[in-house]
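Just target_33.txt here, compact mmCIF, C-alpha atoms:
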# COMPACT_ATOMS: atom_id res chain seq x y z
CA MET A 459 9.58 17.44 25.51
CA SER A 460 10.65 13.80 25.15
CA ILE A 461 7.83 11.30 24.95
CA ILE A 462 10.24 8.36 24.51
CA SER A 463 13.66 8.08 26.13
CA LEU A 464 16.19 5.33 25.37
CA GLN A 465 19.04 5.15 27.87
CA ASN A 466 22.05 2.85 27.40
CA LEU A 467 19.86 0.38 25.53
CA SER A 468 21.47 -2.93 24.58
CA LYS A 469 20.25 -6.27 23.22
CA ASN A 470 22.21 -9.43 22.45
CA PHE A 471 21.23 -12.62 20.68
CA GLY A 472 23.76 -15.09 21.97
CA LYS A 473 27.15 -13.56 21.16
CA PHE A 474 25.69 -11.24 18.55
CA GLU A 475 25.31 -7.64 19.75
CA ALA A 476 22.17 -6.45 17.93
CA VAL A 477 21.94 -3.09 19.72
CA LYS A 478 24.77 -1.44 21.64
CA ASN A 479 24.37 1.26 24.26
CA LEU A 480 21.72 3.30 22.43
CA ASN A 481 20.82 6.75 23.82
CA ILE A 482 18.01 8.59 22.02
CA GLU A 483 15.39 11.16 23.02
CA ILE A 484 12.24 11.21 20.86
CA GLU A 485 10.16 14.36 21.08
CA LYS A 486 6.37 14.43 21.19
CA GLY A 487 4.79 15.08 17.81
CA LYS A 488 8.00 14.53 15.85
CA THR A 489 8.84 11.91 13.23
CA PHE A 490 12.03 9.91 13.81
CA GLY A 491 13.53 7.87 11.01
CA PHE A 492 15.86 4.95 11.71
CA ILE A 493 18.15 4.29 8.74
CA GLY A 494 20.53 1.40 8.22
CA HIS A 495 21.21 -1.72 6.21
CA ASN A 496 19.64 -5.08 7.06
CA GLY A 497 21.03 -6.26 10.39
CA ALA A 498 21.95 -2.76 11.58
CA GLY A 499 19.66 -3.04 14.62
CA LYS A 500 16.62 -1.08 13.44
CA THR A 501 13.96 -3.77 13.89
CA THR A 502 15.41 -4.86 17.24
CA THR A 503 15.28 -1.27 18.48
CA LEU A 504 11.70 -0.77 17.29
CA SER A 505 10.67 -4.09 18.87
CA MET A 506 12.06 -2.99 22.23
CA ILE A 507 10.28 0.38 22.03
CA SER A 508 7.06 -1.45 21.12
CA GLY A 509 7.22 -3.59 24.24
CA ILE A 510 7.67 -6.78 22.22
CA LEU A 511 11.31 -7.46 23.03
CA LYS A 512 12.86 -6.85 26.44
CA PRO A 513 16.32 -5.23 26.41
CA ASP A 514 19.24 -6.92 28.16
CA LYS A 515 20.51 -3.61 29.49
CA GLY A 516 19.30 -0.04 29.69
CA LYS A 517 16.00 1.70 30.13
CA ILE A 518 13.05 2.70 27.94
CA SER A 519 10.80 5.43 29.31
CA ILE A 520 7.53 6.22 27.52
CA PHE A 521 5.18 8.91 28.85
CA GLY A 522 7.62 9.24 31.76
CA LYS A 523 7.24 5.59 32.84
CA ASN A 524 9.74 2.76 32.57
CA LEU A 525 8.18 0.38 30.05
CA TYR A 526 9.77 -2.80 31.39
CA GLU A 527 9.78 -1.98 35.11
CA SER A 528 6.25 -0.60 35.45
CA ASP A 529 3.50 -2.72 36.96
CA SER A 530 1.31 -4.64 34.52
CA ASN A 531 -1.45 -2.01 34.49
CA ASP A 532 0.95 0.83 33.66
CA ALA A 533 2.68 -1.29 31.01
CA MET A 534 -0.66 -2.13 29.39
CA GLU A 535 -1.67 1.54 29.44
CA ILE A 536 1.58 2.50 27.68
CA LYS A 537 1.17 -0.22 25.05
CA SER A 538 -2.45 0.78 24.43
CA LYS A 539 -1.18 4.16 23.20
CA ILE A 540 1.20 2.60 20.67
CA GLY A 541 0.35 1.32 17.19
CA VAL A 542 2.86 -1.04 15.55
CA VAL A 543 3.05 -1.86 11.83
CA PRO A 544 5.52 -4.73 11.23
CA GLU A 545 7.46 -5.07 8.00
CA GLN A 546 5.44 -8.15 7.08
CA PRO A 547 1.73 -7.43 7.68
CA TYR A 548 -0.14 -10.03 9.72
CA LEU A 549 -3.43 -10.29 7.86
CA TYR A 550 -6.21 -12.89 7.69
CA GLY A 551 -6.40 -13.61 3.97
CA ASN A 552 -9.81 -15.26 4.09
CA MET A 553 -11.39 -12.07 5.49
CA ASN A 554 -12.31 -8.93 3.63
CA VAL A 555 -10.73 -5.77 4.98
CA HIS A 556 -13.96 -4.54 6.61
CA ASP A 557 -14.40 -7.74 8.63
CA PHE A 558 -10.69 -7.75 9.48
CA LEU A 559 -10.97 -4.26 10.95
CA SER A 560 -14.26 -5.11 12.65
CA PHE A 561 -12.56 -8.03 14.41
CA PHE A 562 -9.86 -5.76 15.84
CA ALA A 563 -12.33 -2.99 16.63
CA ASP A 564 -14.12 -5.46 18.92
CA ILE A 565 -10.81 -6.33 20.61
CA TYR A 566 -10.11 -2.62 21.14
CA LYS A 567 -13.72 -2.15 22.34
CA ILE A 568 -14.14 0.80 20.02
CA LYS A 569 -17.36 2.76 20.26
CA ASN A 570 -19.13 3.76 17.03
CA LYS A 571 -17.28 0.89 15.38
CA GLU A 572 -18.66 1.26 11.85
CA GLU A 573 -18.01 4.98 11.82
CA ARG A 574 -14.39 4.44 12.88
CA ILE A 575 -13.85 1.63 10.35
CA ASN A 576 -15.17 3.77 7.51
CA PHE A 577 -12.98 6.66 8.67
CA VAL A 578 -9.72 4.69 8.65
CA LEU A 579 -10.57 2.96 5.36
CA THR A 580 -11.05 6.36 3.77
CA HIS A 581 -7.84 7.63 5.37
CA VAL A 582 -5.79 4.79 3.83
CA ASN A 583 -7.68 4.92 0.52
CA LEU A 584 -9.25 1.45 0.82
CA SER A 585 -12.93 2.34 1.17
CA GLY A 586 -13.58 1.12 -2.37
CA SER A 587 -12.10 -2.30 -1.53
CA LYS A 588 -13.70 -2.96 1.86
CA ASN A 589 -15.50 -6.10 0.65
CA LYS A 590 -12.44 -7.51 -1.13
CA LYS A 591 -10.56 -10.42 0.45
CA LEU A 592 -7.18 -9.54 1.90
CA SER A 593 -5.60 -12.45 0.02
CA GLU A 594 -6.44 -10.60 -3.20
CA PHE A 595 -4.72 -7.38 -2.12
CA SER A 596 -1.47 -6.16 -3.64
CA LYS A 597 1.54 -5.67 -1.36
CA GLY A 598 0.84 -1.95 -1.12
CA MET A 599 -2.83 -2.52 -0.28
CA LYS A 600 -1.85 -5.05 2.40
CA GLN A 601 0.49 -2.51 3.93
CA ARG A 602 -2.28 0.10 3.98
CA ALA A 603 -4.67 -2.42 5.55
CA SER A 604 -2.08 -3.08 8.26
CA ILE A 605 -1.81 0.66 8.91
CA ALA A 606 -5.62 0.93 9.04
CA ARG A 607 -5.65 -1.71 11.77
CA VAL A 608 -3.31 0.26 14.04
CA LEU A 609 -5.16 3.52 13.41
CA LEU A 610 -8.43 2.04 14.70
CA HIS A 611 -7.71 2.87 18.34
CA ASN A 612 -6.09 6.23 17.46
CA PRO A 613 -2.71 5.65 19.17
CA GLU A 614 -0.48 8.56 20.18
CA ILE A 615 2.65 6.80 18.94
CA LEU A 616 3.02 5.04 15.58
CA ILE A 617 5.88 2.63 14.94
CA LEU A 618 6.35 1.50 11.34
CA ASP A 619 9.05 -1.00 10.43
CA GLU A 620 10.12 -0.70 6.77
CA PRO A 621 6.58 0.26 5.63
CA MET A 622 7.71 1.09 2.08
CA SER A 623 9.93 -1.95 1.53
CA GLY A 624 9.27 -3.64 -1.80
CA LEU A 625 6.66 -1.13 -2.94
CA ASP A 626 6.56 0.57 -6.34
CA PRO A 627 6.74 4.40 -6.54
CA VAL A 628 2.94 4.72 -6.40
CA GLY A 629 2.77 2.49 -3.32
CA ILE A 630 5.56 4.46 -1.63
CA LYS A 631 3.72 7.73 -2.23
CA GLU A 632 0.48 6.29 -0.82
CA ILE A 633 2.21 5.18 2.40
CA ARG A 634 4.10 8.47 2.65
CA ASP A 635 0.85 10.45 2.28
CA ILE A 636 -0.76 8.43 5.08
CA ILE A 637 2.20 9.10 7.38
CA ILE A 638 2.13 12.82 6.54
CA GLY A 639 -1.57 12.85 7.44
CA GLN A 640 -0.84 11.29 10.83
CA LYS A 641 2.03 13.71 11.37
CA LYS A 642 -0.33 16.64 10.82
CA GLU A 643 -2.56 15.21 13.55
CA GLY A 644 0.33 15.52 16.01
CA LYS A 645 1.26 11.85 16.26
CA THR A 646 4.74 10.83 17.34
CA ILE A 647 6.02 8.59 14.56
CA ILE A 648 8.97 6.20 14.44
CA ILE A 649 9.77 4.76 11.02
CA SER A 650 12.59 2.58 9.76
CA SER A 651 14.04 2.15 6.30
CA HIS A 652 17.30 1.21 4.63
CA ILE A 653 16.83 4.00 2.06
CA LEU A 654 17.11 7.62 3.21
CA THR A 655 15.18 9.03 0.24
CA GLU A 656 12.09 7.05 1.27
CA ILE A 657 11.71 8.98 4.51
CA GLU A 658 13.70 12.20 4.15
CA ASN A 659 10.59 14.24 3.30
CA ILE A 660 8.64 13.07 6.35
CA SER A 661 11.28 12.79 9.09
CA ASP A 662 12.21 15.57 11.51
CA TYR A 663 15.16 13.61 12.88
CA VAL A 664 17.13 10.66 11.56
CA VAL A 665 19.13 8.05 13.45
CA VAL A 666 21.70 6.29 11.27
CA MET A 667 22.45 2.82 12.64
CA ASN A 668 25.35 0.50 11.87
CA LYS A 669 26.24 -2.73 13.66
CA GLY A 670 23.81 -1.94 16.47
CA GLU A 671 25.11 1.56 17.15
CA ALA A 672 23.73 5.01 16.38
CA ILE A 673 26.51 6.57 14.33
CA GLN A 674 24.44 9.71 13.63
CA ASN A 675 21.45 11.19 15.46
CA GLU A 676 20.60 14.59 14.04
CA ASN A 677 17.82 16.59 12.46
CA ILE A 678 17.12 15.83 8.82
CA GLU A 679 18.79 19.02 7.53
CA GLN A 680 22.07 18.12 9.24
CA ILE A 681 21.88 14.56 7.92
CA LEU A 682 21.31 15.70 4.34
CA ASN A 683 24.04 18.34 4.52
CA SER A 684 26.53 15.79 5.80
CA SER A 685 25.68 13.20 3.15
CA VAL A 686 28.42 12.32 0.73
CA SER A 687 27.95 14.38 -2.42
CA GLU A 688 30.55 12.54 -4.51
CA ILE A 689 31.39 8.86 -4.85
CA GLU A 690 34.16 7.07 -6.72
CA LEU A 691 33.50 3.86 -8.61
CA GLU A 692 36.14 1.40 -9.76
CA ILE A 693 35.00 -1.09 -12.38
CA GLU A 694 36.59 -3.69 -14.64
CA VAL A 695 35.50 -3.90 -18.27
CA ASP A 696 36.00 -6.62 -20.86
CA ALA A 697 37.63 -4.26 -23.33
CA MET A 698 38.67 -0.64 -22.97
CA ASN A 699 37.87 1.70 -25.84
CA ALA A 700 37.41 5.41 -26.51
CA GLN A 701 33.73 5.00 -27.32
CA LEU A 702 33.06 3.73 -23.79
CA THR A 703 35.01 6.47 -22.00
CA ASP A 704 33.69 9.23 -24.25
CA GLY A 705 30.15 8.00 -23.69
CA LEU A 706 30.57 8.09 -19.91
CA LYS A 707 31.99 11.62 -20.06
CA ASN A 708 28.75 12.81 -21.66
CA PHE A 709 26.87 12.25 -18.39
CA ASP A 710 26.60 15.43 -16.30
CA PHE A 711 27.17 13.53 -13.04
CA VAL A 712 30.52 12.11 -14.21
CA LYS A 713 33.31 14.52 -13.22
CA ASN A 714 36.43 12.53 -14.04
CA ILE A 715 37.50 9.22 -15.60
CA ASN A 716 40.87 7.49 -15.23
CA SER A 717 41.72 4.24 -17.00
CA SER A 718 44.44 1.68 -16.41
CA GLY A 719 44.37 -1.48 -18.47
CA ASN A 720 40.82 -2.80 -18.23
CA ASN A 721 40.09 -0.86 -15.03
CA LEU A 722 38.12 2.37 -14.88
CA LYS A 723 37.95 4.84 -12.01
CA ILE A 724 34.91 7.10 -12.35
For the file at hand, write its structure as structure tokens.
Amino acid sequence: MSIISLQNLSKNFGKFEAVKNLNIEIEKGKTFGFIGHNGAGKTTTLSMISGILKPDKGKISIFGKNLYESDSNDAMEIKSKIGVVPEQPYLYGNMNVHDFLSFFADIYKIKNKEERINFVLTHVNLSGSKNKKLSEFSKGMKQRASIARVLLHNPEILILDEPMSGLDPVGIKEIRDIIIGQKKEGKTIIISSHILTEIENISDYVVVMNKGEAIQNENIEQILNSSVSEIELEIEVDAMNAQLTDGLKNFDFVKNINSSGNNLKI
């Protein structure tokens, strides 16, 4: 059953078509990955689903209600069930992470506030740093603090825009483990990245975007099976010699080498 439906969704910025006629059905409890280079339309799409950016054309239905044509009460109810983690976390550096979460817990009017704060801090592996100022956090810790904030009110839908961007392998694994934990709880998760390998192990479906269009929208197995298994590189070298070509041939992943002058086709 679709929990989110995008129908003929389009968004322009002046003459630039950021998103073109997007049609996607997102099932309840599934994880959808949006893949594409910078400027492909991923963030614009996620912003429209989040209720932050109104589309120029098309329709977004969430929980069976039109997000942008519902009355204000219905729209607020829909948004209250969504948690959004932007690519650049909005944190208050002069606060420690406990006080930061306490501030938002009051906004959300969360009961048993301290219990919930301790729960999410443990879930994102920050309980040992709860009295540390956010300005002293690493990029990965800041990303986890941003995720902790959106988990406070236990939303049904999580939207994460490039959550692993710029992180080292340890940081990527920490974020991936958090997402897997939320997936096991039955959350519907939308995640974007420009690198397929970052999200292939956590996504049920992947939408490949290019120039504002969905050029592929399939389950992860179909995406991986259709991926290009071989690539050809053409490079120019300062000087061609047998030592260079023989050295390249020693790599298992190199199948063939052709040379012409100072040009190599690998």
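Interatomic distance, CA of Glu475 in chain A against CA of Gln674 in chain A: 18.4 Å.
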In Å and to one decimal, CA of Ile657 in chain A is distant from CA of Lys600 in chain A by 19.6 Å
Test item: axis-aligned box, all listed atoms of range 647-666 of chain A, 4 Å on each side, centre and edges in Å rounded to one decimal, as JSON:
{"center_x": 13.9, "center_y": 8.4, "center_z": 7.4, "size_x": 23.7, "size_y": 22.4, "size_z": 22.3}
Of A:Ile565, A:Val543, A:Ile681, A:Ile724, the one nearest to Ile637 in chain A when counting all atoms listed in the file is A:Val543
Need the neighbours of (22.0, -4.1, 13.3): which residues are at most 8 Å away, counting all atoms listed in the file, as a count of residues only? 15
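The space between CA of Lys590 in chain A and CA of Pro547 in chain A spans 16.7 Å.
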| query | Out of A:Ile648, A:Pro513, A:Gln701, A:Pro627, which residue has the shortest atom-to-atom distance to Tyr663 in chain A when counting only C-alpha atoms? | reply |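 Smallest distance to Tyr663 in chain A is found for A:Ile648.
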Sorted per-residue table, range 545-598 of chain A near range 608-622 of chain A, closest atoms and distance, 12 Å, only C-alpha atoms, as JSON lines:
{"residue": "A:Glu545", "atom": "CA", "partner": "A:Asp619", "partner_atom": "CA", "distance": 5.0}
{"residue": "A:Gln546", "atom": "CA", "partner": "A:Pro621", "partner_atom": "CA", "distance": 8.6}
{"residue": "A:Pro547", "atom": "CA", "partner": "A:Pro621", "partner_atom": "CA", "distance": 9.3}
{"residue": "A:Tyr548", "atom": "CA", "partner": "A:Val608", "partner_atom": "CA", "distance": 11.6}
{"residue": "A:His556", "atom": "CA", "partner": "A:Leu610", "partner_atom": "CA", "distance": 11.8}
{"residue": "A:Phe558", "atom": "CA", "partner": "A:Leu610", "partner_atom": "CA", "distance": 11.3}
{"residue": "A:Leu559", "atom": "CA", "partner": "A:Leu610", "partner_atom": "CA", "distance": 7.8}
{"residue": "A:Ser560", "atom": "CA", "partner": "A:Leu610", "partner_atom": "CA", "distance": 9.5}
{"residue": "A:Phe561", "atom": "CA", "partner": "A:Leu610", "partner_atom": "CA", "distance": 10.9}
{"residue": "A:Phe562", "atom": "CA", "partner": "A:Leu610", "partner_atom": "CA", "distance": 8.0}
{"residue": "A:Ala563", "atom": "CA", "partner": "A:Leu610", "partner_atom": "CA", "distance": 6.7}
{"residue": "A:Asp564", "atom": "CA", "partner": "A:Leu610", "partner_atom": "CA", "distance": 10.3}
{"residue": "A:Ile565", "atom": "CA", "partner": "A:His611", "partner_atom": "CA", "distance": 10.0}
{"residue": "A:Tyr566", "atom": "CA", "partner": "A:His611", "partner_atom": "CA", "distance": 6.6}
{"residue": "A:Lys567", "atom": "CA", "partner": "A:His611", "partner_atom": "CA", "distance": 8.8}
{"residue": "A:Ile568", "atom": "CA", "partner": "A:His611", "partner_atom": "CA", "distance": 7.0}
{"residue": "A:Lys569", "atom": "CA", "partner": "A:His611", "partner_atom": "CA", "distance": 9.8}
{"residue": "A:Asn570", "atom": "CA", "partner": "A:Leu610", "partner_atom": "CA", "distance": 11.1}
{"residue": "A:Lys571", "atom": "CA", "partner": "A:Leu610", "partner_atom": "CA", "distance": 9.0}
{"residue": "A:Glu572", "atom": "CA", "partner": "A:Leu610", "partner_atom": "CA", "distance": 10.6}
{"residue": "A:Glu573", "atom": "CA", "partner": "A:Leu610", "partner_atom": "CA", "distance": 10.4}
{"residue": "A:Arg574", "atom": "CA", "partner": "A:Leu610", "partner_atom": "CA", "distance": 6.7}
{"residue": "A:Ile575", "atom": "CA", "partner": "A:Leu610", "partner_atom": "CA", "distance": 7.0}
{"residue": "A:Asn576", "atom": "CA", "partner": "A:Leu610", "partner_atom": "CA", "distance": 10.0}
{"residue": "A:Phe577", "atom": "CA", "partner": "A:Leu610", "partner_atom": "CA", "distance": 8.9}
{"residue": "A:Val578", "atom": "CA", "partner": "A:Leu609", "partner_atom": "CA", "distance": 6.7}
{"residue": "A:Leu579", "atom": "CA", "partner": "A:Leu610", "partner_atom": "CA", "distance": 9.6}
{"residue": "A:Thr580", "atom": "CA", "partner": "A:Leu609", "partner_atom": "CA", "distance": 11.6}
{"residue": "A:His581", "atom": "CA", "partner": "A:Leu609", "partner_atom": "CA", "distance": 9.4}
{"residue": "A:Val582", "atom": "CA", "partner": "A:Leu609", "partner_atom": "CA", "distance": 9.7}
{"residue": "A:Lys597", "atom": "CA", "partner": "A:Met622", "partner_atom": "CA", "distance": 9.8}
{"residue": "A:Gly598", "atom": "CA", "partner": "A:Met622", "partner_atom": "CA", "distance": 8.2}
Worksheet item: Taking into account all atoms listed in the file, which residue in the set A:Asn466, A:Asn659, A:Asn721, A:Ser593 is nearest to Glu679 in chain A?
Response: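 Of all the options, A:Asn659 lies closest to Glu679 in chain A.
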**OP:** Compile the contact shell of Ser460 in chain A as a PyMOL selection string: residues with an atom at most 12 Å away, counting all atoms listed in the file, same-chain residues fewer than 6 positions apart removed.
**Re:** chain A and resi 482-488+518-523+646
Expected file: the selected residues, C-alpha atoms, as an mmCIF file, in the coordinates of the input:
data_model
loop_
_atom_site.group_PDB
_atom_site.id
_atom_site.type_symbol
_atom_site.label_atom_id
_atom_site.label_comp_id
_atom_site.auth_asym_id
_atom_site.auth_seq_id
_atom_site.Cartn_x
_atom_site.Cartn_y
_atom_site.Cartn_z
ATOM 1 C CA ILE A 482 18.010 8.590 22.020
ATOM 2 C CA GLU A 483 15.390 11.160 23.020
ATOM 3 C CA ILE A 484 12.240 11.210 20.860
ATOM 4 C CA GLU A 485 10.160 14.360 21.080
ATOM 5 C CA LYS A 486 6.370 14.430 21.190
ATOM 6 C CA GLY A 487 4.790 15.080 17.810
ATOM 7 C CA LYS A 488 8.000 14.530 15.850
ATOM 8 C CA ILE A 518 13.050 2.700 27.940
ATOM 9 C CA SER A 519 10.800 5.430 29.310
ATOM 10 C CA ILE A 520 7.530 6.220 27.520
ATOM 11 C CA PHE A 521 5.180 8.910 28.850
ATOM 12 C CA GLY A 522 7.620 9.240 31.760
ATOM 13 C CA LYS A 523 7.240 5.590 32.840
ATOM 14 C CA THR A 646 4.740 10.830 17.340
#
- Task: List the neighbours of Val695 in chain A out to 12 Å using only C-alpha atoms; skip same-chain residues closer than 4 positions along the sequence, and give me the result as a ChimeraX atom specification.
- Result: /A:699,702-703,717-723
Kindly provide, as a PDB file with C-alpha atoms, in the frame of the given file, the polymer residues lying within 12 Å of (-17.6, -8.6, -1.3), counting all atoms listed in the file and using the coordinates exactly as they appear in the file.
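So point.pdb came out as:
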ATOM      1  CA  ASN A 552      -9.810 -15.260   4.090  1.00  0.00           C
ATOM      2  CA  MET A 553     -11.390 -12.070   5.490  1.00  0.00           C
ATOM      3  CA  ASN A 554     -12.310  -8.930   3.630  1.00  0.00           C
ATOM      4  CA  VAL A 555     -10.730  -5.770   4.980  1.00  0.00           C
ATOM      5  CA  HIS A 556     -13.960  -4.540   6.610  1.00  0.00           C
ATOM      6  CA  ASP A 557     -14.400  -7.740   8.630  1.00  0.00           C
ATOM      7  CA  GLY A 586     -13.580   1.120  -2.370  1.00  0.00           C
ATOM      8  CA  SER A 587     -12.100  -2.300  -1.530  1.00  0.00           C
ATOM      9  CA  LYS A 588     -13.700  -2.960   1.860  1.00  0.00           C
ATOM     10  CA  ASN A 589     -15.500  -6.100   0.650  1.00  0.00           C
ATOM     11  CA  LYS A 590     -12.440  -7.510  -1.130  1.00  0.00           C
ATOM     12  CA  LYS A 591     -10.560 -10.420   0.450  1.00  0.00           C
ATOM     13  CA  LEU A 592      -7.180  -9.540   1.900  1.00  0.00           C
ATOM     14  CA  GLU A 594      -6.440 -10.600  -3.200  1.00  0.00           C
TER      15      GLU A 594
END
Generate the missing atoms of range 544-569 of chain A up to N, CA and C atoms and report them as a compact mmCIF listing (two decimals), keeping the file's coordinate frame.
# COMPACT_ATOMS: atom_id res chain seq x y z
N PRO A 544 4.31 -3.96 11.54
CA PRO A 544 5.52 -4.73 11.23
C PRO A 544 5.84 -4.69 9.74
N GLU A 545 7.07 -5.07 9.41
CA GLU A 545 7.46 -5.07 8.00
C GLU A 545 6.60 -6.02 7.19
N GLN A 546 6.32 -7.19 7.74
CA GLN A 546 5.44 -8.15 7.08
C GLN A 546 4.08 -8.10 7.74
N PRO A 547 3.06 -7.56 7.06
CA PRO A 547 1.73 -7.43 7.68
C PRO A 547 1.14 -8.78 8.07
N TYR A 548 0.55 -8.83 9.27
CA TYR A 548 -0.14 -10.03 9.72
C TYR A 548 -1.63 -9.85 9.42
N LEU A 549 -2.05 -10.45 8.32
CA LEU A 549 -3.43 -10.29 7.86
C LEU A 549 -4.10 -11.66 7.74
N TYR A 550 -5.42 -11.66 7.85
CA TYR A 550 -6.21 -12.89 7.69
C TYR A 550 -6.76 -12.90 6.27
N GLY A 551 -6.10 -13.66 5.39
CA GLY A 551 -6.40 -13.61 3.97
C GLY A 551 -7.80 -14.00 3.59
N ASN A 552 -8.45 -14.82 4.43
CA ASN A 552 -9.81 -15.26 4.09
C ASN A 552 -10.86 -14.22 4.45
N MET A 553 -10.46 -13.14 5.12
CA MET A 553 -11.39 -12.07 5.49
C MET A 553 -11.32 -10.93 4.47
N ASN A 554 -12.42 -10.20 4.34
CA ASN A 554 -12.31 -8.93 3.63
C ASN A 554 -11.81 -7.88 4.62
N VAL A 555 -11.38 -6.74 4.11
CA VAL A 555 -10.73 -5.77 4.98
C VAL A 555 -11.70 -5.18 6.00
N HIS A 556 -12.98 -5.06 5.65
CA HIS A 556 -13.96 -4.54 6.61
C HIS A 556 -14.10 -5.47 7.80
N ASP A 557 -14.24 -6.78 7.53
CA ASP A 557 -14.40 -7.74 8.63
C ASP A 557 -13.12 -7.85 9.45
N PHE A 558 -11.98 -7.73 8.78
CA PHE A 558 -10.69 -7.75 9.48
C PHE A 558 -10.62 -6.60 10.48
N LEU A 559 -10.99 -5.41 10.05
CA LEU A 559 -10.97 -4.26 10.95
C LEU A 559 -12.04 -4.36 12.02
N SER A 560 -13.18 -4.93 11.67
CA SER A 560 -14.26 -5.11 12.65
C SER A 560 -13.82 -6.04 13.78
N PHE A 561 -13.08 -7.08 13.42
CA PHE A 561 -12.56 -8.03 14.41
C PHE A 561 -11.67 -7.31 15.43
N PHE A 562 -10.76 -6.47 14.94
CA PHE A 562 -9.86 -5.76 15.84
C PHE A 562 -10.56 -4.63 16.57
N ALA A 563 -11.56 -4.03 15.95
CA ALA A 563 -12.33 -2.99 16.63
C ALA A 563 -13.03 -3.56 17.86
N ASP A 564 -13.49 -4.80 17.76
CA ASP A 564 -14.12 -5.46 18.92
C ASP A 564 -13.09 -5.72 20.02
N ILE A 565 -11.88 -6.11 19.62
CA ILE A 565 -10.81 -6.33 20.61
C ILE A 565 -10.48 -5.02 21.32
N TYR A 566 -10.41 -3.93 20.57
CA TYR A 566 -10.11 -2.62 21.14
C TYR A 566 -11.31 -2.00 21.87
N LYS A 567 -12.47 -2.64 21.73
CA LYS A 567 -13.72 -2.15 22.34
C LYS A 567 -14.02 -0.71 21.89
N ILE A 568 -13.95 -0.52 20.59
CA ILE A 568 -14.14 0.80 20.02
C ILE A 568 -15.62 1.12 19.90
N LYS A 569 -15.98 2.29 20.39
CA LYS A 569 -17.36 2.76 20.26
C LYS A 569 -17.57 3.30 18.85
